[in-house]
Every structure is written in structure tokens, then in C-alpha cells.
file coords-v3.pdb (PDB, C-alpha atoms and all ligand atoms)
ATOM      1  CA  MET A  29       3.638   3.509 -14.144
ATOM      2  CA  ILE A  30       4.684   6.245 -11.712
ATOM      3  CA  SER A  31       6.868   5.375  -8.741
ATOM      4  CA  VAL A  32       7.460   7.897  -5.963
ATOM      5  CA  SER A  33       9.670   7.464  -2.890
ATOM      6  CA  ALA A  34       9.241   9.323   0.426
ATOM      7  CA  PRO A  35      11.290   8.990   3.634
ATOM      8  CA  GLY A  36      10.266   8.352   7.214
ATOM      9  CA  LYS A  37      11.534  10.630   9.940
ATOM     10  CA  ILE A  38      13.174  10.810  13.347
ATOM     11  CA  ILE A  39      12.300  13.664  15.668
ATOM     12  CA  LEU A  40      15.572  14.333  17.484
ATOM     13  CA  ALA A  41      13.841  16.670  19.948
ATOM     14  CA  GLY A  42      10.637  18.635  20.390
ATOM     15  CA  GLU A  43       7.780  16.158  19.758
ATOM     16  CA  HIS A  44       4.402  17.030  21.276
ATOM     17  CA  ALA A  45       5.656  20.512  22.296
ATOM     18  CA  VAL A  46       5.778  21.258  18.550
ATOM     19  CA  VAL A  47       1.977  20.915  18.365
ATOM     20  CA  TYR A  48       1.829  23.903  20.770
ATOM     21  CA  GLY A  49       4.171  26.193  18.836
ATOM     22  CA  LYS A  50       7.544  25.103  20.228
ATOM     23  CA  PRO A  51      10.410  24.227  17.832
ATOM     24  CA  ALA A  52      11.440  20.693  16.935
ATOM     25  CA  LEU A  53      14.563  19.281  15.331
ATOM     26  CA  VAL A  54      13.730  16.577  12.811
ATOM     27  CA  ALA A  55      15.624  14.456  10.276
ATOM     28  CA  ALA A  56      14.588  12.406   7.259
ATOM     29  CA  VAL A  57      15.782   8.831   7.684
ATOM     30  CA  ASP A  58      16.934   6.136   5.257
ATOM     31  CA  LYS A  59      13.835   4.016   5.842
ATOM     32  CA  ARG A  60      11.507   4.894   2.981
ATOM     33  CA  LEU A  61       8.380   3.838   1.214
ATOM     34  CA  THR A  62       7.417   3.705  -2.431
ATOM     35  CA  VAL A  63       3.993   4.394  -3.887
ATOM     36  CA  ARG A  64       3.418   2.922  -7.368
ATOM     37  CA  ILE A  65       0.512   4.227  -9.392
ATOM     38  CA  LYS A  66      -0.850   2.656 -12.583
ATOM     39  CA  THR A  67      -3.897   3.653 -14.588
ATOM     40  CA  ARG A  68      -6.612   0.995 -15.024
ATOM     41  CA  LYS A  69      -9.517   0.548 -17.394
ATOM     42  CA  ASN A  70     -12.725   0.497 -15.352
ATOM     43  CA  GLY A  71     -12.831   3.823 -13.484
ATOM     44  CA  GLU A  72     -12.176   2.237 -10.065
ATOM     45  CA  ILE A  73      -9.472   2.824  -7.484
ATOM     46  CA  LYS A  74      -7.752  -0.330  -6.253
ATOM     47  CA  ILE A  75      -5.376  -0.106  -3.290
ATOM     48  CA  PHE A  76      -2.663  -2.563  -2.306
ATOM     49  CA  SER A  77      -1.256  -1.475   1.033
ATOM     50  CA  ARG A  78      -0.761  -2.511   4.637
ATOM     51  CA  GLN A  79      -1.646   1.079   5.619
ATOM     52  CA  PRO A  80      -5.337   1.937   6.001
ATOM     53  CA  SER A  81      -6.792   2.499   2.530
ATOM     54  CA  SER A  82      -8.950   5.357   3.910
ATOM     55  CA  GLN A  83      -5.809   7.476   4.120
ATOM     56  CA  ILE A  84      -4.842   6.807   0.507
ATOM     57  CA  LYS A  85      -8.387   7.521  -0.681
ATOM     58  CA  GLU A  86      -8.257  10.795   1.242
ATOM     59  CA  ALA A  87      -4.957  11.634  -0.483
ATOM     60  CA  VAL A  88      -6.621  11.023  -3.871
ATOM     61  CA  ARG A  89      -9.621  13.198  -2.925
ATOM     62  CA  LYS A  90      -7.523  16.076  -1.629
ATOM     63  CA  THR A  91      -5.128  15.994  -4.591
ATOM     64  CA  GLU A  92      -8.054  16.045  -7.027
ATOM     65  CA  GLU A  93      -9.620  18.969  -5.134
ATOM     66  CA  ASN A  94      -6.404  20.999  -5.068
ATOM     67  CA  LEU A  95      -5.624  20.352  -8.726
ATOM     68  CA  ALA A  96      -9.169  21.401  -9.653
ATOM     69  CA  LEU A  97      -8.567  24.696  -7.842
ATOM     70  CA  LEU A  98      -5.494  25.116 -10.043
ATOM     71  CA  ARG A  99      -7.679  24.408 -13.102
ATOM     72  CA  SER A 100      -5.866  21.186 -13.844
ATOM     73  CA  ASP A 101      -8.358  18.414 -14.670
ATOM     74  CA  ARG A 102      -6.164  15.622 -16.031
ATOM     75  CA  LEU A 103      -6.283  13.656 -12.760
ATOM     76  CA  SER A 104     -10.086  13.963 -12.592
ATOM     77  CA  LYS A 105     -10.372  12.684 -16.150
ATOM     78  CA  ILE A 106      -8.092   9.714 -15.426
ATOM     79  CA  LEU A 107     -10.068   8.905 -12.271
ATOM     80  CA  LYS A 108     -13.397   8.990 -14.109
ATOM     81  CA  SER A 109     -12.447   7.172 -17.260
ATOM     82  CA  ARG A 110      -9.724   4.735 -16.252
ATOM     83  CA  GLY A 111      -9.273   4.518 -12.474
ATOM     84  CA  LEU A 112      -6.032   3.820 -10.636
ATOM     85  CA  ALA A 113      -4.132   0.972  -8.992
ATOM     86  CA  ILE A 114      -2.138   2.321  -6.059
ATOM     87  CA  GLU A 115       0.420   0.109  -4.335
ATOM     88  CA  VAL A 116       2.459   0.977  -1.235
ATOM     89  CA  VAL A 117       5.699  -0.859  -0.438
ATOM     90  CA  SER A 118       7.230   0.281   2.833
ATOM     91  CA  GLU A 119      10.261  -0.261   5.054
ATOM     92  CA  ILE A 120       9.018   2.252   7.636
ATOM     93  CA  PRO A 121       7.615   0.556  10.758
ATOM     94  CA  VAL A 122       3.979   1.499  11.445
ATOM     95  CA  GLN A 123       2.940   3.305  14.650
ATOM     96  CA  ALA A 124       6.552   3.483  15.750
ATOM     97  CA  GLY A 125       7.067   7.249  15.619
ATOM     98  CA  MET A 126       8.840   7.167  12.255
ATOM     99  CA  GLY A 127       6.267   9.054  10.221
ATOM    100  CA  SER A 128       4.900   6.211   8.088
ATOM    101  CA  SER A 129       1.461   7.766   7.774
ATOM    102  CA  ALA A 130       2.800  11.121   6.545
ATOM    103  CA  ALA A 131       5.185   9.376   4.131
ATOM    104  CA  VAL A 132       2.231   7.509   2.581
ATOM    105  CA  ALA A 133       0.346  10.791   2.162
ATOM    106  CA  VAL A 134       3.385  12.569   0.684
ATOM    107  CA  ALA A 135       4.284   9.780  -1.765
ATOM    108  CA  THR A 136       0.649   9.282  -2.860
ATOM    109  CA  VAL A 137       0.053  12.993  -3.437
ATOM    110  CA  GLY A 138       3.444  13.195  -5.187
ATOM    111  CA  GLY A 139       2.592  10.235  -7.428
ATOM    112  CA  LEU A 140      -0.763  11.719  -8.414
ATOM    113  CA  LEU A 141       0.838  15.079  -9.133
ATOM    114  CA  ALA A 142       3.525  13.426 -11.281
ATOM    115  CA  LEU A 143       0.812  11.518 -13.155
ATOM    116  CA  SER A 144      -1.255  14.627 -13.664
ATOM    117  CA  LYS A 145       1.624  16.867 -14.766
ATOM    118  CA  LYS A 146       3.571  14.146 -16.619
ATOM    119  CA  ILE A 147       6.808  15.179 -14.914
ATOM    120  CA  LYS A 148      10.013  13.312 -14.091
ATOM    121  CA  ARG A 149      11.237  15.632 -11.312
ATOM    122  CA  PHE A 150       9.494  17.724  -8.676
ATOM    123  CA  SER A 151      10.185  21.458  -8.742
ATOM    124  CA  ASP A 152      10.251  23.470  -5.492
ATOM    125  CA  GLU A 153       6.737  24.637  -6.336
ATOM    126  CA  ASP A 154       5.571  21.011  -6.768
ATOM    127  CA  LYS A 155       7.010  20.161  -3.346
ATOM    128  CA  GLU A 156       5.163  23.106  -1.769
ATOM    129  CA  LEU A 157       1.929  21.737  -3.223
ATOM    130  CA  ILE A 158       2.673  18.139  -2.153
ATOM    131  CA  ASN A 159       3.398  19.330   1.391
ATOM    132  CA  LYS A 160       0.237  21.430   1.534
ATOM    133  CA  VAL A 161      -2.005  18.611   0.303
ATOM    134  CA  ALA A 162      -0.314  15.959   2.476
ATOM    135  CA  TYR A 163      -0.894  18.226   5.492
ATOM    136  CA  GLN A 164      -4.610  18.380   4.626
ATOM    137  CA  VAL A 165      -4.631  14.563   4.529
ATOM    138  CA  GLU A 166      -2.792  14.362   7.863
ATOM    139  CA  LYS A 167      -5.302  16.784   9.406
ATOM    140  CA  LYS A 168      -8.192  14.651   8.248
ATOM    141  CA  ILE A 169      -6.589  11.508   9.703
ATOM    142  CA  HIS A 170      -4.967  12.906  12.885
ATOM    143  CA  GLN A 171      -7.034  16.075  13.417
ATOM    144  CA  ASN A 172      -4.434  18.329  15.030
ATOM    145  CA  PRO A 173      -0.963  17.520  13.671
ATOM    146  CA  SER A 174       1.805  20.121  13.702
ATOM    147  CA  GLY A 175       2.717  19.342  10.086
ATOM    148  CA  ILE A 176       6.246  18.268  10.986
ATOM    149  CA  ASP A 177       5.891  14.725   9.584
ATOM    150  CA  ASN A 178       4.643  15.697   6.123
ATOM    151  CA  THR A 179       7.145  18.585   5.917
ATOM    152  CA  ILE A 180      10.232  16.468   6.624
ATOM    153  CA  SER A 181       9.024  13.670   4.344
ATOM    154  CA  THR A 182       8.553  16.193   1.533
ATOM    155  CA  PHE A 183      11.681  18.307   1.908
ATOM    156  CA  GLY A 184      14.128  15.876   3.572
ATOM    157  CA  GLY A 185      17.417  16.768   5.291
ATOM    158  CA  PHE A 186      17.448  18.198   8.815
ATOM    159  CA  LEU A 187      14.831  20.818   9.654
ATOM    160  CA  TRP A 188      14.214  23.236  12.482
ATOM    161  CA  PHE A 189      10.431  23.191  12.415
ATOM    162  CA  LYS A 190       7.798  25.427  14.008
ATOM    163  CA  LYS A 191       4.098  24.887  13.340
ATOM    164  CA  GLY A 192       2.712  27.355  10.820
ATOM    165  CA  LYS A 193       6.122  29.008  10.201
ATOM    166  CA  PRO A 194       8.601  28.571   7.348
ATOM    167  CA  PHE A 195      11.061  25.824   8.318
ATOM    168  CA  LYS A 196      14.828  26.302   8.494
ATOM    169  CA  ARG A 197      17.255  23.848   6.933
ATOM    170  CA  ILE A 198      19.972  22.828   9.362
ATOM    171  CA  LYS A 199      23.466  21.783   8.325
ATOM    172  CA  LEU A 200      24.982  19.246  10.665
ATOM    173  CA  GLY A 201      28.389  17.763   9.878
ATOM    174  CA  SER A 202      29.095  14.220  10.925
ATOM    175  CA  LEU A 203      26.684  13.056  13.580
ATOM    176  CA  PRO A 204      27.364  10.844  16.574
ATOM    177  CA  ARG A 205      26.293   7.214  16.192
ATOM    178  CA  PHE A 206      22.703   7.078  17.385
ATOM    179  CA  VAL A 207      21.166   3.661  17.909
ATOM    180  CA  PHE A 208      17.431   3.158  17.436
ATOM    181  CA  VAL A 209      15.734   0.493  19.521
ATOM    182  CA  ASN A 210      12.250  -0.635  18.584
ATOM    183  CA  THR A 211      10.171  -1.148  21.745
ATOM    184  CA  GLY A 212       7.305  -2.282  19.467
ATOM    185  CA  LYS A 213       4.267  -0.802  17.779
ATOM    186  CA  ALA A 214       2.256   1.585  19.955
ATOM    187  CA  GLU A 215      -1.393   0.632  20.406
ATOM    188  CA  GLU A 216      -2.383   4.263  19.996
ATOM    189  CA  THR A 217      -2.183   6.263  16.780
ATOM    190  CA  THR A 218      -0.385   9.614  16.653
ATOM    191  CA  GLY A 219      -3.774  11.323  16.537
ATOM    192  CA  GLU A 220      -4.871   9.544  19.715
ATOM    193  CA  MET A 221      -1.707  10.523  21.590
ATOM    194  CA  VAL A 222      -2.017  14.164  20.518
ATOM    195  CA  ARG A 223      -5.686  14.162  21.582
ATOM    196  CA  TYR A 224      -4.781  12.563  24.929
ATOM    197  CA  LEU A 225      -2.519  15.504  25.738
ATOM    198  CA  LYS A 226      -5.011  18.025  24.381
ATOM    199  CA  ASN A 227      -7.726  16.601  26.657
ATOM    200  CA  LYS A 228      -5.418  16.878  29.662
ATOM    201  CA  ILE A 229      -4.761  20.531  28.845
ATOM    202  CA  GLU A 230      -8.433  21.304  28.188
ATOM    203  CA  ASN A 231      -9.534  19.559  31.372
ATOM    204  CA  ARG A 232      -6.980  21.642  33.254
ATOM    205  CA  LYS A 233      -5.250  18.551  34.570
ATOM    206  CA  ASN A 234      -1.734  19.693  35.480
ATOM    207  CA  THR A 235      -1.868  22.426  32.837
ATOM    208  CA  LYS A 236       0.886  24.446  34.537
ATOM    209  CA  GLN A 237       3.151  21.436  34.725
ATOM    210  CA  ILE A 238       2.474  20.602  31.076
ATOM    211  CA  LEU A 239       3.338  24.126  29.947
ATOM    212  CA  ARG A 240       6.499  24.008  32.060
ATOM    213  CA  SER A 241       7.455  20.730  30.347
ATOM    214  CA  PHE A 242       6.919  22.298  26.917
ATOM    215  CA  ALA A 243       9.246  25.171  27.895
ATOM    216  CA  ARG A 244      11.880  22.721  29.135
ATOM    217  CA  ILE A 245      11.598  20.650  25.969
ATOM    218  CA  GLU A 246      12.121  23.847  23.957
ATOM    219  CA  ARG A 247      15.291  24.645  25.934
ATOM    220  CA  GLN A 248      16.644  21.121  25.469
ATOM    221  CA  THR A 249      15.789  21.109  21.758
ATOM    222  CA  LYS A 250      18.009  24.187  21.399
ATOM    223  CA  ASN A 251      20.692  22.556  23.555
ATOM    224  CA  LEU A 252      20.621  19.380  21.486
ATOM    225  CA  LEU A 253      21.168  21.402  18.315
ATOM    226  CA  LEU A 254      24.119  23.197  19.942
ATOM    227  CA  GLY A 255      25.495  19.910  21.273
ATOM    228  CA  LEU A 256      25.293  18.318  17.807
ATOM    229  CA  LYS A 257      26.940  21.328  16.166
ATOM    230  CA  ASP A 258      29.746  21.434  18.783
ATOM    231  CA  LYS A 259      29.979  17.636  18.934
ATOM    232  CA  ASN A 260      29.646  17.963  22.695
ATOM    233  CA  LYS A 261      28.741  14.462  23.882
ATOM    234  CA  ARG A 262      27.821  15.463  27.424
ATOM    235  CA  LYS A 263      25.472  18.144  26.152
ATOM    236  CA  ILE A 264      23.870  15.677  23.728
ATOM    237  CA  ILE A 265      23.200  13.091  26.457
ATOM    238  CA  LYS A 266      21.861  15.752  28.846
ATOM    239  CA  ALA A 267      19.489  17.179  26.226
ATOM    240  CA  ILE A 268      18.162  13.719  25.279
ATOM    241  CA  LYS A 269      17.654  12.775  28.938
ATOM    242  CA  GLU A 270      15.859  15.995  29.788
ATOM    243  CA  CYS A 271      13.600  15.799  26.736
ATOM    244  CA  GLU A 272      12.654  12.289  27.829
ATOM    245  CA  GLU A 273      12.092  13.348  31.438
ATOM    246  CA  ASN A 274       9.619  15.953  30.251
ATOM    247  CA  LEU A 275       7.910  13.619  27.780
ATOM    248  CA  GLU A 276       7.384  11.284  30.742
ATOM    249  CA  MET A 277       5.922  14.184  32.724
ATOM    250  CA  LEU A 278       3.527  14.785  29.849
ATOM    251  CA  GLY A 279       2.524  11.128  30.272
ATOM    252  CA  VAL A 280       3.172   9.899  26.718
ATOM    253  CA  VAL A 281       5.729   7.166  27.510
ATOM    254  CA  GLY A 282       4.665   3.609  28.423
ATOM    255  CA  GLU A 283       6.113   1.560  31.299
ATOM    256  CA  PHE A 284       8.019  -0.856  29.048
ATOM    257  CA  ALA A 285       9.887   1.975  27.300
ATOM    258  CA  LYS A 286      10.548   3.768  30.598
ATOM    259  CA  LYS A 287      12.227   0.687  32.079
ATOM    260  CA  LEU A 288      14.442   0.301  29.037
ATOM    261  CA  ILE A 289      15.353   3.995  29.066
ATOM    262  CA  ARG A 290      16.328   3.773  32.778
ATOM    263  CA  GLU A 291      18.588   0.863  31.841
ATOM    264  CA  VAL A 292      20.243   2.931  29.057
ATOM    265  CA  GLU A 293      20.787   5.737  31.578
ATOM    266  CA  ARG A 294      22.180   3.322  34.172
ATOM    267  CA  ILE A 295      24.913   2.235  31.745
ATOM    268  CA  GLY A 296      25.818   5.860  31.004
ATOM    269  CA  GLY A 297      23.728   6.746  27.950
ATOM    270  CA  GLY A 298      20.604   8.710  27.147
ATOM    271  CA  ALA A 299      17.407   7.670  25.365
ATOM    272  CA  LYS A 300      14.034   9.122  24.424
ATOM    273  CA  ILE A 301      10.962   8.203  22.471
ATOM    274  CA  CYS A 302      10.995   9.910  19.101
ATOM    275  CA  GLY A 303       7.462  10.579  18.001
ATOM    276  CA  ALA A 304       4.032  10.424  19.559
ATOM    277  CA  GLY A 305       4.946   7.644  22.042
ATOM    278  CA  GLY A 306       2.359   5.239  23.432
ATOM    279  CA  ILE A 307       1.171   4.359  26.932
ATOM    280  CA  LYS A 308      -1.110   1.324  26.842
ATOM    281  CA  ASP A 309       1.780  -0.953  25.948
ATOM    282  CA  ARG A 310       4.754  -0.185  23.709
ATOM    283  CA  SER A 311       6.025   3.247  22.632
ATOM    284  CA  GLY A 312       7.643   2.798  19.200
ATOM    285  CA  ILE A 313      11.247   3.647  18.397
ATOM    286  CA  LEU A 314      13.723   4.974  20.978
ATOM    287  CA  LEU A 315      16.565   7.272  20.021
ATOM    288  CA  CYS A 316      19.531   6.110  22.094
ATOM    289  CA  TYR A 317      22.951   7.608  22.516
ATOM    290  CA  HIS A 318      25.950   6.091  24.221
ATOM    291  CA  GLN A 319      29.639   6.763  23.685
ATOM    292  CA  LYS A 320      29.928   3.005  23.101
ATOM    293  CA  PRO A 321      26.991   2.112  20.802
ATOM    294  CA  GLU A 322      27.770  -1.625  21.258
ATOM    295  CA  LYS A 323      26.400  -1.296  24.778
ATOM    296  CA  ILE A 324      22.986  -0.284  23.430
ATOM    297  CA  PHE A 325      23.046  -3.132  20.905
ATOM    298  CA  ALA A 326      23.904  -5.597  23.676
ATOM    299  CA  LEU A 327      21.092  -4.270  25.877
ATOM    300  CA  ALA A 328      18.544  -4.522  23.046
ATOM    301  CA  LYS A 329      19.739  -8.049  22.232
ATOM    302  CA  SER A 330      19.374  -9.154  25.841
ATOM    303  CA  LEU A 331      15.713  -8.102  25.624
ATOM    304  CA  ASN A 332      15.147  -9.521  22.146
ATOM    305  CA  LEU A 333      14.437  -6.091  20.700
ATOM    306  CA  GLU A 334      15.369  -4.871  17.234
ATOM    307  CA  ALA A 335      18.167  -2.253  17.243
ATOM    308  CA  PHE A 336      19.630  -0.471  14.239
ATOM    309  CA  GLU A 337      21.653   2.500  13.101
ATOM    310  CA  ALA A 338      20.195   4.726  10.423
ATOM    311  CA  LYS A 339      21.373   7.436   8.074
ATOM    312  CA  LEU A 340      19.840  10.798   8.907
ATOM    313  CA  GLY A 341      19.388  13.870   6.721
ATOM    314  CA  GLU A 342      18.204  11.846   3.695
ATOM    315  CA  GLU A 343      16.533  13.190   0.566
ATOM    316  CA  GLY A 344      12.825  14.106   0.673
ATOM    317  CA  VAL A 345      10.181  12.942  -1.788
ATOM    318  CA  TYR A 346      11.334  12.122  -5.347
ATOM    319  CA  ILE A 347      10.132  10.434  -8.507
ATOM    320  CA  LYS A 348      11.965   7.185  -9.124
ATOM    321  CA  ALA A 349      13.452   6.619 -12.569
TER     322      ALA A 349
HETATM  323  C1  LIG A 401       4.431  12.973  15.677
HETATM  324  O1  LIG A 401       5.403  12.487  14.782
HETATM  325  C2  LIG A 401       4.930  14.157  16.415
HETATM  326  C3  LIG A 401       3.923  14.808  17.365
HETATM  327  O2  LIG A 401       4.574  15.975  17.862
HETATM  328  C4  LIG A 401       2.627  15.167  16.658
HETATM  329  C5  LIG A 401       2.783  16.283  15.643
HETATM  330  O3  LIG A 401       3.722  17.074  15.718
HETATM  331  O4  LIG A 401       1.885  16.383  14.791
HETATM  332  C6  LIG A 401       3.601  13.913  18.543
END

call {"tool": "encode", "arguments": {"input": "coords-v3.pdb", "output": "C-alpha cells", "more": "lines below"}}
Ligand code: MEV
result
Amino acid sequence: MISVSAPGKIILAGEHAVVYGKPALVAAVDKRLTVRIKTRKNGEIKIFSRQPSSQIKEAVRKTEENLALLRSDRLSKILKSRGLAIEVVSEIPVQAGMGSSAAVAVATVGGLLALSKKIKRFSDEDKELINKVAYQVEKKIHQNPSGIDNTISTFGGFLWFKKGKPFKRIKLGSLPRFVFVNTGKAEETTGEMVRYLKNKIENRKNTKQILRSFARIERQTKNLLLGLKDKNKRKIIKAIKECEENLEMLGVVGEFAKKLIREVERIGGGAKICGAGGIKDRSGILLCYHQKPEKIFALAKSLNLEAFEAKLGEEGVYIKA
């Protein structure tokens, strides 16, 4: 049996704008998922997962295709003669902005590659291939993703990411204590939220304002990085607040999350959605910062919402022993 682990992610700043070529700062988080792959005996694929099985089947198809291009046919042979049982066990909340869909793609592609190559560790070249194939899967599922989710889940750490460009690894010393509050699963998928914004731009609804918001998000993404490097708390809060203000202008934040964020601001902190968001009802995870993190925990508790701290900068995809 092959077991591969891939992390979820937190976008510290730059979501949505990153789809249009702006930079984003992203971290791998210590909420992960494991994909376990076993060969079977009847040539069928059996999937055990709470994620849509269409995505896993797509990961199998794309991995087979890419390996065939590399003249490697072991996976094809296994699929034809024996079949596979693929099981996903996840601690990453779904539709919460934490990259669960990309992590499934990355770990499934990684597992199939490990099975095909009979390896115990991924080389840099393997990771390049996993990232490329997982991006193809993400494109099929979400149509126009930037590639940030699959890239961070593959390579881990902290990345400065621009669509279609080589990423930069960022070294950040000790980080302030961020608190993540779960406003609940968004009704919309990431693909739907990205399309919602794309339609607005194509229909020329507030296009100028949208482009202005992207530029402001870019400025605040840079400021957040500087604030984190300098450990400048005021700069960090300002950057988070301004990113959120512009995400709200883009129209990707729901009313429930907005109210909670105003409350965080009222008590002296800053908060933002960290992913695609959601507008029909809930908007996924909020990244919250306050000099006294207990205040955020107390606020979340008063509303019966889950709040947690998480380790950021975690390892990317790996084969478990
Ligand atoms: C989703 O995690 C982040 C978005 O910027 C979409 C993307 O970059 O593909 C909303």
C-alpha cells in the first residue's frame, strides 16, 4: 500500500487578485490529508472519500496520460489488470478556503506516481510533475485557477506566488499568533467564486473598481510580507484590514463573515477571508489577528464558532513510511 500526505493551505494575502496576475503570499498549514492506494484484482477503481470521486478519477486519468507521455506504462498496466482502491482521509475542512480540493489532487497524483515508480521519496523532479498534473486536475474541476493551491500543497513552506511564474520561497522567522475562525462551509465552490468575479469583469460591471481593488490588494500583500518580516503589528493589522476591505469590494464576502469581521475590528484586531470566500451564506475560514488572541477565541466562542491556531510553513507532499 502507498500512503501519501499533502497539506492544506492558508492564503495570507492576495486571493482572487492572484488569478489576474497579482502576487499572493501563501503558507502550507498543519491540517493535512492522506491518500492511501492499494492495488486490487478486478481491474476496477474503487474510491472511498468524502470528496467528489470525479476529482480523484480525473487525477487518475491525468496521471496516466502524463506518464504515458513519459513512456512509463506501469500505471496503465496496473489499472488494466488489477485496478486500484483509493482512500482519502482528511483533516482539511471542505469549501472553507483551505485548499482541500488541491490537496486531494496533489496526494492522489503523488500516490500514483509513487506506485508507478516504486519510490519511497519524491525528488524535486517528481514534485514538478505532481504539481503540473495536479494543476491540470484543478483546471478541469475549477476551470480558471491560478495554480496557487496545488503549488503550495506540493512544495510546502511559505511561497510568494504569481500565476504562470516560478514561485519564490519566503523565510519568515517566528510568526505572530494568528487565530482562524471557521464561519462555516461556503455554499459555492472555488470555481464558482472565481467565475462570479470573471463574469463581473466580462460584463463590465464595475471593472475599474475591480482593477483598483486588485492593485490595492497587491500593495497590501507586499505590506503584509514586510510587516511579518519586521514583526510590525500595526502594519500587519492594517494590511489584513485593507485586503479584506478590497475583497468585500470585489463582492466575495458573505454578510455573516462581514459582521464577524467588523466585530474583530471593533475590538482592535484585523480579519479577512482566506481563500475564495462565499456570498450566499458562509465564507469559510477567517484569518484573524489581535495582539491578544484570547479576545478572538472569546468572540468565536460567544458565537459558537470553531476557532483554532495552526502551524504555518509546513512540509509539502511526501510519501509516508
Ligand atoms: C483559492 O484558494 C484562491 C483563489 O485566488 C482562486 C485561485 O487562485 O485559483 C480565489

call {"tool": "atom_distance", "arguments": {"input": "coords-v3.pdb", "atom1": "CA of Pro204 in chain A", "atom2": "CA of Val57 in chain A"}}
result
14.7 Å

call {"tool": "residues_around", "arguments": {"input": "coords-v3.pdb", "residues": "range 88-94 of chain A", "least_positions_apart": "2", "cutoff": "7 Å", "atoms": "all atoms listed in the file", "output": "PDB file with C-alpha atoms, keeping the file's coordinate frame"}}
result
ATOM      1  CA  ILE A  84      -4.842   6.807   0.507  1.00  0.00           C
ATOM      2  CA  LYS A  85      -8.387   7.521  -0.681  1.00  0.00           C
ATOM      3  CA  GLU A  86      -8.257  10.795   1.242  1.00  0.00           C
ATOM      4  CA  ALA A  96      -9.169  21.401  -9.653  1.00  0.00           C
ATOM      5  CA  LEU A  97      -8.567  24.696  -7.842  1.00  0.00           C
ATOM      6  CA  LEU A  98      -5.494  25.116 -10.043  1.00  0.00           C
ATOM      7  CA  LEU A 103      -6.283  13.656 -12.760  1.00  0.00           C
ATOM      8  CA  SER A 104     -10.086  13.963 -12.592  1.00  0.00           C
ATOM      9  CA  VAL A 137       0.053  12.993  -3.437  1.00  0.00           C
ATOM     10  CA  VAL A 161      -2.005  18.611   0.303  1.00  0.00           C
ATOM     11  CA  VAL A 165      -4.631  14.563   4.529  1.00  0.00           C
TER      12      VAL A 165
END

call {"tool": "residues_around", "arguments": {"input": "coords-v3.pdb", "residues": "Gly305 in chain A", "least_positions_apart": "3", "cutoff": "12 Å", "atoms": "all atoms listed in the file", "output": "number ranges by chain"}}
result
A: 39, 43-44, 123-127, 210-222, 224-225, 272, 275-276, 278-286, 300-302, 308-315

call {"tool": "resolve_selection", "arguments": {"input": "coords-v3.pdb", "expression": "the PyMOL selection byres (((chain A and resi 238-241) around 9) and not hetatm)", "output": "PyMOL selection string"}}
result
chain A and resi 45+225+228-229+233-237+242-246+271+273-275+277-278

call {"tool": "write_last_selection", "arguments": {"input": "coords-v3.pdb", "atoms": "C-alpha atoms", "output": "PDB file, keeping the file's coordinate frame"}}
result
ATOM      1  CA  ALA A  45       5.656  20.512  22.296  1.00  0.00           C
ATOM      2  CA  LEU A 225      -2.519  15.504  25.738  1.00  0.00           C
ATOM      3  CA  LYS A 228      -5.418  16.878  29.662  1.00  0.00           C
ATOM      4  CA  ILE A 229      -4.761  20.531  28.845  1.00  0.00           C
ATOM      5  CA  LYS A 233      -5.250  18.551  34.570  1.00  0.00           C
ATOM      6  CA  ASN A 234      -1.734  19.693  35.480  1.00  0.00           C
ATOM      7  CA  THR A 235      -1.868  22.426  32.837  1.00  0.00           C
ATOM      8  CA  LYS A 236       0.886  24.446  34.537  1.00  0.00           C
ATOM      9  CA  GLN A 237       3.151  21.436  34.725  1.00  0.00           C
ATOM     10  CA  PHE A 242       6.919  22.298  26.917  1.00  0.00           C
ATOM     11  CA  ALA A 243       9.246  25.171  27.895  1.00  0.00           C
ATOM     12  CA  ARG A 244      11.880  22.721  29.135  1.00  0.00           C
ATOM     13  CA  ILE A 245      11.598  20.650  25.969  1.00  0.00           C
ATOM     14  CA  GLU A 246      12.121  23.847  23.957  1.00  0.00           C
ATOM     15  CA  CYS A 271      13.600  15.799  26.736  1.00  0.00           C
ATOM     16  CA  GLU A 273      12.092  13.348  31.438  1.00  0.00           C
ATOM     17  CA  ASN A 274       9.619  15.953  30.251  1.00  0.00           C
ATOM     18  CA  LEU A 275       7.910  13.619  27.780  1.00  0.00           C
ATOM     19  CA  MET A 277       5.922  14.184  32.724  1.00  0.00           C
ATOM     20  CA  LEU A 278       3.527  14.785  29.849  1.00  0.00           C
TER      21      LEU A 278
END

call {"tool": "closest_residue", "arguments": {"input": "coords-v3.pdb", "among": "A:Pro173, A:Pro194, A:Gly306, A:Gly36", "to": "ligand LIG 401 (chain A)", "atoms": "all atoms listed in the file"}}
result
A:Pro173

call {"tool": "closest_residue", "arguments": {"input": "coords-v3.pdb", "among": "A:Val63, A:Ala267, A:Leu252, A:Ala304", "to": "ligand LIG 401 (chain A)", "atoms": "only C-alpha atoms and all ligand atoms"}}
result
A:Ala304
